[in-house]
Structure formats: structure tokens, C-alpha cells
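Listing of model.cif, mmCIF, C-alpha atoms
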data_structure
#
loop_
_atom_site.group_PDB
_atom_site.id
_atom_site.type_symbol
_atom_site.label_atom_id
_atom_site.label_comp_id
_atom_site.auth_asym_id
_atom_site.auth_seq_id
_atom_site.Cartn_x
_atom_site.Cartn_y
_atom_site.Cartn_z
ATOM 1 C CA ASP A 1 9.789 10.952 13.007
ATOM 2 C CA THR A 2 9.629 8.916 9.824
ATOM 3 C CA GLU A 3 6.561 6.842 10.499
ATOM 4 C CA VAL A 4 2.851 6.922 9.931
ATOM 5 C CA THR A 5 0.989 5.916 13.085
ATOM 6 C CA GLN A 6 -2.585 4.659 13.374
ATOM 7 C CA THR A 7 -4.905 4.119 16.302
ATOM 8 C CA PRO A 8 -6.497 1.927 17.404
ATOM 9 C CA LYS A 9 -4.741 -1.241 16.246
ATOM 10 C CA HIS A 10 -7.936 -3.254 16.528
ATOM 11 C CA LEU A 11 -11.573 -2.217 16.663
ATOM 12 C CA VAL A 12 -14.752 -4.221 17.092
ATOM 13 C CA MET A 13 -18.009 -2.387 16.574
ATOM 14 C CA GLY A 14 -21.669 -3.073 16.125
ATOM 15 C CA MET A 15 -23.644 -1.911 13.127
ATOM 16 C CA THR A 16 -25.251 0.911 15.120
ATOM 17 C CA ASN A 17 -22.038 2.238 16.646
ATOM 18 C CA LYS A 18 -20.118 5.374 15.740
ATOM 19 C CA LYS A 19 -16.342 5.153 15.904
ATOM 20 C CA SER A 20 -13.300 6.927 14.460
ATOM 21 C CA LEU A 21 -9.963 5.796 13.133
ATOM 22 C CA LYS A 22 -6.989 8.104 13.544
ATOM 23 C CA CYS A 23 -3.811 8.563 11.550
ATOM 24 C CA GLU A 24 -0.845 10.817 12.220
ATOM 25 C CA GLN A 25 2.391 11.676 10.419
ATOM 26 C CA HIS A 26 5.109 14.205 11.178
ATOM 27 C CA MET A 27 7.110 13.958 7.972
ATOM 28 C CA GLY A 28 5.712 17.179 6.568
ATOM 29 C CA HIS A 29 3.842 15.281 3.876
ATOM 30 C CA ARG A 30 1.011 17.218 2.249
ATOM 31 C CA ALA A 31 -0.932 14.278 0.896
ATOM 32 C CA MET A 32 -2.668 11.652 3.021
ATOM 33 C CA TYR A 33 -4.697 8.638 2.034
ATOM 34 C CA TRP A 34 -7.150 6.049 3.343
ATOM 35 C CA TYR A 35 -7.106 2.538 1.899
ATOM 36 C CA LYS A 36 -9.192 -0.552 2.629
ATOM 37 C CA GLN A 37 -7.530 -3.969 2.470
ATOM 38 C CA LYS A 38 -9.460 -7.212 2.610
ATOM 39 C CA ALA A 39 -7.674 -10.449 3.464
ATOM 40 C CA LYS A 40 -5.261 -11.641 0.767
ATOM 41 C CA LYS A 41 -6.162 -8.695 -1.458
ATOM 42 C CA PRO A 42 -4.277 -5.537 -2.411
ATOM 43 C CA PRO A 43 -5.130 -2.194 -0.802
ATOM 44 C CA GLU A 44 -7.995 -0.296 -2.432
ATOM 45 C CA LEU A 45 -7.912 3.484 -2.395
ATOM 46 C CA MET A 46 -10.808 5.193 -0.572
ATOM 47 C CA PHE A 47 -9.872 8.855 -0.122
ATOM 48 C CA VAL A 48 -7.043 11.257 -0.901
ATOM 49 C CA TYR A 49 -6.385 14.524 0.914
ATOM 50 C CA SER A 50 -4.035 17.041 -0.627
ATOM 51 C CA TYR A 51 -3.088 20.124 1.400
ATOM 52 C CA GLU A 52 -5.855 19.272 3.865
ATOM 53 C CA LYS A 53 -8.546 19.251 1.180
ATOM 54 C CA LEU A 54 -10.357 16.168 -0.058
ATOM 55 C CA SER A 55 -9.190 15.669 -3.615
ATOM 56 C CA ILE A 56 -10.330 12.128 -4.387
ATOM 57 C CA ASN A 57 -13.271 10.087 -3.139
ATOM 58 C CA GLU A 58 -13.363 6.704 -4.835
ATOM 59 C CA SER A 59 -17.142 6.355 -4.653
ATOM 60 C CA VAL A 60 -17.002 5.344 -1.017
ATOM 61 C CA PRO A 61 -20.356 4.929 0.813
ATOM 62 C CA SER A 62 -21.347 7.822 3.046
ATOM 63 C CA ARG A 63 -21.103 5.651 6.155
ATOM 64 C CA PHE A 64 -17.368 6.383 5.847
ATOM 65 C CA SER A 65 -16.596 10.050 6.484
ATOM 66 C CA PRO A 66 -13.013 11.337 6.270
ATOM 67 C CA GLU A 67 -11.695 14.403 8.036
ATOM 68 C CA CYS A 68 -8.355 16.194 7.917
ATOM 69 C CA PRO A 69 -8.115 18.529 10.940
ATOM 70 C CA ASN A 70 -4.575 19.633 10.069
ATOM 71 C CA SER A 71 -1.644 18.670 7.902
ATOM 72 C CA SER A 72 -0.479 15.946 10.309
ATOM 73 C CA LEU A 73 -3.778 14.271 11.154
ATOM 74 C CA LEU A 74 -6.312 12.254 9.230
ATOM 75 C CA ASN A 75 -9.470 10.732 10.669
ATOM 76 C CA LEU A 76 -11.991 8.292 9.312
ATOM 77 C CA HIS A 77 -15.385 8.466 10.986
ATOM 78 C CA LEU A 78 -17.459 5.309 10.852
ATOM 79 C CA HIS A 79 -21.226 5.070 11.288
ATOM 80 C CA ALA A 80 -23.774 2.349 10.584
ATOM 81 C CA LEU A 81 -21.225 0.017 9.071
ATOM 82 C CA GLN A 82 -22.031 -3.380 7.623
ATOM 83 C CA PRO A 83 -20.265 -6.691 8.357
ATOM 84 C CA GLU A 84 -18.741 -6.607 4.864
ATOM 85 C CA ASP A 85 -16.888 -3.446 5.892
ATOM 86 C CA SER A 86 -14.691 -5.578 8.141
ATOM 87 C CA ALA A 87 -11.142 -5.147 6.831
ATOM 88 C CA LEU A 88 -7.733 -3.655 7.519
ATOM 89 C CA TYR A 89 -7.866 0.112 7.082
ATOM 90 C CA LEU A 90 -4.579 1.622 6.044
ATOM 91 C CA CYS A 91 -3.476 5.211 6.197
ATOM 92 C CA ALA A 92 -0.630 6.524 4.057
ATOM 93 C CA SER A 93 1.120 9.810 3.481
ATOM 94 C CA SER A 94 3.320 10.931 0.642
ATOM 95 C CA GLY A 95 5.884 13.553 -0.101
ATOM 96 C CA ARG A 96 8.061 14.437 -3.020
ATOM 97 C CA VAL A 97 11.744 13.672 -2.597
ATOM 98 C CA ARG A 98 14.044 15.571 -4.926
ATOM 99 C CA GLY A 99 15.299 13.360 -7.699
ATOM 100 C CA VAL A 100 13.146 10.462 -6.610
ATOM 101 C CA GLY A 101 9.577 11.611 -6.885
ATOM 102 C CA GLU A 102 6.416 11.074 -4.885
ATOM 103 C CA THR A 103 6.373 8.029 -2.616
ATOM 104 C CA GLN A 104 3.667 6.767 -0.277
ATOM 105 C CA TYR A 105 4.458 5.492 3.208
ATOM 106 C CA PHE A 106 1.937 3.332 5.037
ATOM 107 C CA GLY A 107 0.822 3.021 8.616
ATOM 108 C CA PRO A 108 0.349 -0.373 10.320
ATOM 109 C CA GLY A 109 -3.392 -0.259 9.844
ATOM 110 C CA THR A 110 -6.476 -0.652 12.017
ATOM 111 C CA ARG A 111 -8.081 -4.067 11.873
ATOM 112 C CA LEU A 112 -11.826 -3.494 11.984
ATOM 113 C CA LEU A 113 -14.459 -6.097 12.733
ATOM 114 C CA VAL A 114 -18.109 -5.152 12.321
ATOM 115 C CA LEU A 115 -20.574 -7.429 14.083
ATOM 116 C CA ALA B 116 -7.095 3.373 -17.443
ATOM 117 C CA GLN B 117 -4.140 2.053 -15.544
ATOM 118 C CA ARG B 118 -3.731 -1.564 -14.586
ATOM 119 C CA VAL B 119 -1.115 -3.696 -12.850
ATOM 120 C CA THR B 120 -0.950 -7.445 -13.311
ATOM 121 C CA GLN B 121 0.984 -9.891 -11.167
ATOM 122 C CA PRO B 122 0.332 -13.232 -12.844
ATOM 123 C CA GLU B 123 1.503 -15.451 -9.972
ATOM 124 C CA LYS B 124 -0.513 -15.504 -6.742
ATOM 125 C CA LEU B 125 2.018 -17.824 -5.131
ATOM 126 C CA LEU B 126 5.683 -18.420 -5.824
ATOM 127 C CA SER B 127 7.511 -21.101 -3.884
ATOM 128 C CA VAL B 128 11.298 -21.517 -4.085
ATOM 129 C CA PHE B 129 14.056 -23.110 -2.058
ATOM 130 C CA LYS B 130 16.551 -21.072 -0.096
ATOM 131 C CA GLY B 131 19.438 -20.010 -2.300
ATOM 132 C CA ALA B 132 17.443 -20.266 -5.531
ATOM 133 C CA PRO B 133 16.915 -17.254 -7.811
ATOM 134 C CA VAL B 134 13.610 -15.445 -7.577
ATOM 135 C CA GLU B 135 11.681 -13.425 -10.152
ATOM 136 C CA LEU B 136 8.303 -11.904 -9.301
ATOM 137 C CA LYS B 137 6.579 -10.712 -12.428
ATOM 138 C CA CYS B 138 4.760 -7.422 -12.853
ATOM 139 C CA ASN B 139 3.201 -6.010 -16.006
ATOM 140 C CA TYR B 140 1.438 -2.698 -16.297
ATOM 141 C CA SER B 141 -0.675 -0.697 -18.687
ATOM 142 C CA TYR B 142 -0.624 3.085 -18.544
ATOM 143 C CA SER B 143 -0.798 5.730 -21.228
ATOM 144 C CA GLY B 144 1.462 8.210 -19.451
ATOM 145 C CA SER B 145 4.973 8.045 -18.034
ATOM 146 C CA PRO B 146 4.810 5.373 -15.315
ATOM 147 C CA GLU B 147 6.151 5.540 -11.782
ATOM 148 C CA LEU B 148 6.542 1.999 -10.518
ATOM 149 C CA PHE B 149 7.071 0.627 -7.051
ATOM 150 C CA TRP B 150 7.449 -2.668 -5.252
ATOM 151 C CA TYR B 151 5.951 -2.880 -1.774
ATOM 152 C CA VAL B 152 6.427 -5.799 0.625
ATOM 153 C CA GLN B 153 4.173 -6.903 3.465
ATOM 154 C CA TYR B 154 5.753 -9.296 5.944
ATOM 155 C CA SER B 155 3.473 -11.286 8.214
ATOM 156 C CA ARG B 156 1.790 -8.972 10.749
ATOM 157 C CA GLN B 157 3.803 -5.960 9.603
ATOM 158 C CA ARG B 158 2.932 -2.821 7.699
ATOM 159 C CA LEU B 159 3.175 -2.424 3.959
ATOM 160 C CA GLN B 160 6.727 -1.231 3.305
ATOM 161 C CA LEU B 161 8.299 0.344 0.263
ATOM 162 C CA LEU B 162 10.920 -1.999 -1.167
ATOM 163 C CA LEU B 163 11.948 -0.375 -4.440
ATOM 164 C CA ARG B 164 10.984 2.450 -6.748
ATOM 165 C CA HIS B 165 12.060 2.406 -10.369
ATOM 166 C CA ILE B 166 13.204 5.993 -10.488
ATOM 167 C CA SER B 167 15.961 5.510 -7.924
ATOM 168 C CA ARG B 168 17.371 2.335 -9.533
ATOM 169 C CA GLU B 169 18.485 0.988 -6.170
ATOM 170 C CA SER B 170 19.025 -2.476 -4.729
ATOM 171 C CA ILE B 171 17.367 -3.203 -1.404
ATOM 172 C CA LYS B 172 17.874 -6.463 0.518
ATOM 173 C CA GLY B 173 19.454 -7.887 -2.638
ATOM 174 C CA PHE B 174 16.353 -7.189 -4.748
ATOM 175 C CA THR B 175 16.474 -5.268 -8.016
ATOM 176 C CA ALA B 176 13.847 -4.310 -10.550
ATOM 177 C CA ASP B 177 14.274 -2.826 -13.993
ATOM 178 C CA LEU B 178 11.604 -0.935 -15.847
ATOM 179 C CA ASN B 179 11.183 -2.292 -19.377
ATOM 180 C CA LYS B 180 8.942 0.133 -21.228
ATOM 181 C CA GLY B 181 8.931 -1.985 -24.381
ATOM 182 C CA GLU B 182 7.503 -4.960 -22.532
ATOM 183 C CA THR B 183 5.646 -2.766 -19.988
ATOM 184 C CA SER B 184 7.173 -4.807 -17.199
ATOM 185 C CA PHE B 185 8.814 -4.172 -13.838
ATOM 186 C CA HIS B 186 9.858 -7.611 -12.635
ATOM 187 C CA LEU B 187 11.446 -8.004 -9.186
ATOM 188 C CA LYS B 188 14.540 -10.192 -9.004
ATOM 189 C CA LYS B 189 16.898 -11.605 -6.411
ATOM 190 C CA PRO B 190 19.721 -13.998 -7.255
ATOM 191 C CA PHE B 191 19.647 -15.997 -3.995
ATOM 192 C CA ALA B 192 16.420 -16.147 -1.976
ATOM 193 C CA GLN B 193 16.519 -16.180 1.826
ATOM 194 C CA GLU B 194 13.890 -17.554 4.203
ATOM 195 C CA GLU B 195 13.301 -14.062 5.590
ATOM 196 C CA ASP B 196 12.200 -12.950 2.104
ATOM 197 C CA SER B 197 8.955 -14.871 2.577
ATOM 198 C CA ALA B 198 6.220 -12.248 2.371
ATOM 199 C CA MET B 199 3.507 -10.736 0.187
ATOM 200 C CA TYR B 200 4.869 -8.571 -2.612
ATOM 201 C CA TYR B 201 2.817 -5.920 -4.388
ATOM 202 C CA CYS B 202 3.754 -4.110 -7.561
ATOM 203 C CA ALA B 203 2.199 -0.633 -7.756
ATOM 204 C CA LEU B 204 1.806 2.021 -10.428
ATOM 205 C CA GLY B 205 1.629 5.702 -9.540
ATOM 206 C CA ASN B 206 0.041 8.350 -11.717
ATOM 207 C CA ALA B 207 0.350 12.112 -11.923
ATOM 208 C CA GLY B 208 -2.396 12.486 -9.314
ATOM 209 C CA ASN B 209 -0.417 10.504 -6.730
ATOM 210 C CA MET B 210 -2.860 7.613 -6.934
ATOM 211 C CA LEU B 211 -1.396 4.143 -6.566
ATOM 212 C CA THR B 212 -2.851 1.174 -8.388
ATOM 213 C CA PHE B 213 -1.756 -2.121 -6.888
ATOM 214 C CA GLY B 214 -1.386 -5.460 -8.556
ATOM 215 C CA GLY B 215 -3.068 -8.467 -6.994
ATOM 216 C CA GLY B 216 0.076 -9.432 -5.117
ATOM 217 C CA THR B 217 2.378 -12.451 -5.130
ATOM 218 C CA ARG B 218 3.017 -14.485 -2.020
ATOM 219 C CA LEU B 219 6.644 -15.592 -1.955
ATOM 220 C CA MET B 220 7.466 -18.650 0.112
ATOM 221 C CA VAL B 221 11.114 -19.518 0.567
ATOM 222 C CA LYS B 222 11.558 -23.047 1.824
ATOM 223 C CA PRO B 223 14.598 -24.154 3.821
#

Would you mind writing the file out in C-alpha cells?
Amino acid sequence: DTEVTQTPKHLVMGMTNKKSLKCEQHMGHRAMYWYKQKAKKPPELMFVYSYEKLSINESVPSRFSPECPNSSLLNLHLHALQPEDSALYLCASSGRVRGVGETQYFGPGTRLLVL
Amino acid sequence: AQRVTQPEKLLSVFKGAPVELKCNYSYSGSPELFWYVQYSRQRLQLLLRHISRESIKGFTADLNKGETSFHLKKPFAQEEDSAMYYCALGNAGNMLTFGGGTRLMVKP
């Protein structure tokens, strides 16, 4: 399996809801990432997990809570979001290929709409 | 601080014309540079990485450390090349910094 998968594809939630985004990879990668992408903008890094431990949090508001249950799974728990949080949320994983270096591979994303 | 600049938001060419998407970077360390492509309604895909010096779908990119550039080139554009292209810079901590992106439109 050489893909990063994400569920759900689309999500609509109210500002008082609690929901979770899920990401899975079976490439044996030890680093996983969450990005936020607004329309016509590049992805912006939110969190980095390395060997199942949170290594980077790019000053993301606490209403976003990441979780890495094991080396293949990455979750993003959402609570009390704002309409401006509506975006495409991308998951990525990376591994080091001999002679080539570290490369990130992206999932298809979850398109989130906060009402 | 690391930064990636793609000066053109939109590049429009006719089918069969040469294409060059510009990318400039600033980074104090040894850069790892990538081109990612995002076709309409599809995931962000790796197109090229400088370290492997490969050609994918007819595209090539050469790292020029003197000019701090990593421009993406293709001699003859095809309609199916129409997409959003992002240049990205990776650092030692595996963090990617993306440029603002260039939308390539190839007209028939």
C-alpha cells in the first residue's frame, strides 16, 4: 500500500460540534503531518509527529487536538471550531529513501465546512 | 528563516509551447527542493525532487545554488499539464515550506 488515506472526504459541522478527522498510512513511515489548505493557497503546516510523538506544533489553536494512536494512524480532533477554520485538511507521511532523502506523501484531504 | 517564492500566480501557454515555472528560495543550510502538483480535485502529488535529478512527465528542474533557484521546465506543454504547481523547500527537521503556487493553464 503506497497511499495515504483520509476519512471523511467531506465534513460539515456546527461550531458546537465535536468531530475527528482520520489519516492512515501503511508505508512504514515514521513521520506524519497535518496541514491546513485554504482555497488557492499553499498548504500550511499544523502539526508534525515523529515516532508517534508530537514534535512540532505550529502555534495551532487548542480547538485542534492531534493524536497519534500508533505508527500508522493520525487523528485530528476538532471542537468548537470557527467558520474561518473551514478549509481542506491534508495529512501527509514521510520516509527516508536511500539515496533520495526524506519525501512527504499527501492524502486526498478532508474538506471541512464549519457553519 | 526559510522562504520559497513563486513569482507567477498564473502562467498561460499554448499547447506545444515551452514552459518554465519559476521558484526561488532562501535557506541558510543545504536545501532539499521539491515540486508538487495538484490537478483539479486530486491530491497533492510529488512531481520532482532535486536530489534524484529525474524527469517526470517531461518535466525537469535543476537546482542552481548560485541563483538560489529551482525552476521547473518542460519543452512542450500538454493540455493535461494544466494544474497548480507548488515549489517546496525541506529542512533538516522534515518541515516543508511551500511557495505560493503557480497555476499553469495550457490552452489548446

Taking only C-alpha atoms into account, find every residue of chain A that has an atom no more than 7 Å from chain B, and write it out as number ranges by chain. A: 41-43, 100, 106-108

The PyMOL selection byres ((chain A and resi 60-65) around 6) applied to the shown file, residues as a PyMOL selection string: chain A and resi 58-59+66+76-79

For the file shown, report as a list in words the outcome of the PyMOL selection byres ((chain A and resi 39) around 8) at residue level.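 Output from the PyMOL selection byres ((chain A and resi 39) around 8), applied to this file: Gln37, Lys38, Lys40, Lys41, Ala87 and Leu88 of chain A.
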
For the file shown, what are the residues hit by the PyMOL selection byres ((chain B and resi 120) around 8), laid out as a count of residues only? 9

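Between atom CA of Arg111 of chain A and atom CA of Cys68 of chain A the interatomic distance comes to 20.6 Å.
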
Would you work out the distance separating atom CA of Tyr49 of chain A from atom CA of Lys19 of chain A, expressed in Å to one decimal?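 Here the two named atoms are 20.3 Å from each other.
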
State, in Å with one decimal place, the distance from atom CA of Tyr33 of chain A to atom CA of Leu74 of chain A. 8.2 Å
